[in-house]
Amino acid sequence: MFLSACSLNSEQNLQEEPTKSPQEINQALSGLVEQKDEVEEFSAYYAQTTHENKDKSDFYVYFIRDKEGIVSNLRFVIHYVGTVPINTNWIKINADGQIFEFNNIDYSIQKSFYYNTAQEIYESDVFLADLRMIKAMANADKTIVRCIGGVYQEDIVLSKGQKQAMLNVLKAYKNAGGINEFYGDEL
């Protein structure tokens, strides 16, 4: 096996161009927290409340901006923090009576346990059905995210601030020229 720093010209011609000007992108990203990855040369953008809740249970949305300025990879994260590992295999979300479920996901959960702190993280790309779910969650009066394991379960009740943060990230993604042809006019 070998690595090469060379790339084919055809790959370079397939790169997408930003759909917004640098000024429009910077304006859209203002107010979000930027986390840079200097090794792979991209930045992840989160809401301020996501940054403030990094050691607490949360549901949040973020996206990537690569070194060419392309905004893409809209993702959502369910982050459980507690004193007991749940070993989450099922997530059930209730947004004002609308139910959304993720089943048999234990293989997708990143888990850690250190002293008295357990963390479990489920992360996924945002597809059209997920976008609809996120918007329903953010616009609901009450949103509960339930992480269910074999023995334990834990509820994450989203605050108004957390729900507004989700809408802010979606708006920033759209205004910065975020790309995904499957979203259509739903973003």
# chains A, B, ... in the order shown; residues from 1 in each chain; ligands from 1
>>> select_by_dssp(residues="range 2-141 of chain A", states="strand (DSSP E)", output="VMD selection string")
chain A and resid 33 to 37 42 to 46 58 to 66 71 to 82 90 to 95 98 to 103 110 to 114 117 to 125
>>> closest_atom_pairs(of="range 43-99 of chain A", to="range 17-38 of chain A", cutoff="6 Å", atoms="only C-alpha atoms", output="Markdown table")
| residue | atom | partner | partner_atom | distance |
| --- | --- | --- | --- | --- |
| A:Ser43 | CA | A:Lys36 | CA | 4.3 |
| A:Ala44 | CA | A:Gln35 | CA | 5.2 |
| A:Tyr45 | CA | A:Glu34 | CA | 4.8 |
| A:Tyr46 | CA | A:Val33 | CA | 5.2 |
| A:Ala47 | CA | A:Leu32 | CA | 5.0 |
| A:Gln48 | CA | A:Val33 | CA | 5.8 |
| A:Ile70 | CA | A:Pro18 | CA | 5.1 |
>>> write_last_selection(atoms="N, CA, C and O atoms", output="CSV table (one decimal), in the first residue's frame")
chain,number,residue,atom,x,y,z
A,43,SER,N,-13.5,23.4,8.5
A,43,SER,CA,-14.1,24.0,9.8
A,43,SER,C,-15.5,23.4,9.9
A,43,SER,O,-16.2,23.3,9.0
A,44,ALA,N,-15.8,23.1,11.2
A,44,ALA,CA,-17.1,22.7,11.6
A,44,ALA,C,-17.8,23.9,12.2
A,44,ALA,O,-17.1,24.7,13.0
A,45,TYR,N,-19.1,24.2,12.0
A,45,TYR,CA,-19.8,25.3,12.5
A,45,TYR,C,-21.0,24.8,13.3
A,45,TYR,O,-21.8,24.0,12.9
A,46,TYR,N,-21.0,25.3,14.6
A,46,TYR,CA,-22.0,25.0,15.6
A,46,TYR,C,-22.7,26.2,16.1
A,46,TYR,O,-22.1,27.3,16.0
A,47,ALA,N,-23.8,26.0,16.8
A,47,ALA,CA,-24.4,27.2,17.5
A,47,ALA,C,-23.7,27.4,18.8
A,47,ALA,O,-23.1,26.5,19.3
A,48,GLN,N,-23.8,28.6,19.3
A,48,GLN,CA,-23.2,29.0,20.5
A,48,GLN,C,-23.7,28.1,21.7
A,48,GLN,O,-22.9,27.7,22.5
A,70,ILE,N,-16.5,25.6,0.3
A,70,ILE,CA,-17.8,24.9,0.0
A,70,ILE,C,-18.4,24.5,1.4
A,70,ILE,O,-17.8,23.9,2.2
>>> closest_residue(among="A:Ile105, A:Leu187, A:Ala138, A:Ile179", to="Leu167 in chain A", atoms="only C-alpha atoms")
A:Ala138
>>> closest_residue(among="A:Ile144, A:Ile109, A:Ile156, A:Met166", to="Asp96 in chain A", atoms="only C-alpha atoms")
A:Ile144
>>> closest_residue(among="A:Arg146, A:Lys56, A:Lys171, A:Arg132", to="Ile91 in chain A", atoms="only C-alpha atoms")
A:Arg146
>>> residues_around(residues="Ser57 in chain A", least_positions_apart="5", cutoff="6 Å", atoms="only C-alpha atoms", output="list in words")
His79, Tyr80 and Val81 of chain A
>>> closest_residue(among="A:Asn87, A:Asn73, A:Asn175, A:Asn104", to="Glu120 in chain A", atoms="only C-alpha atoms")
A:Asn87
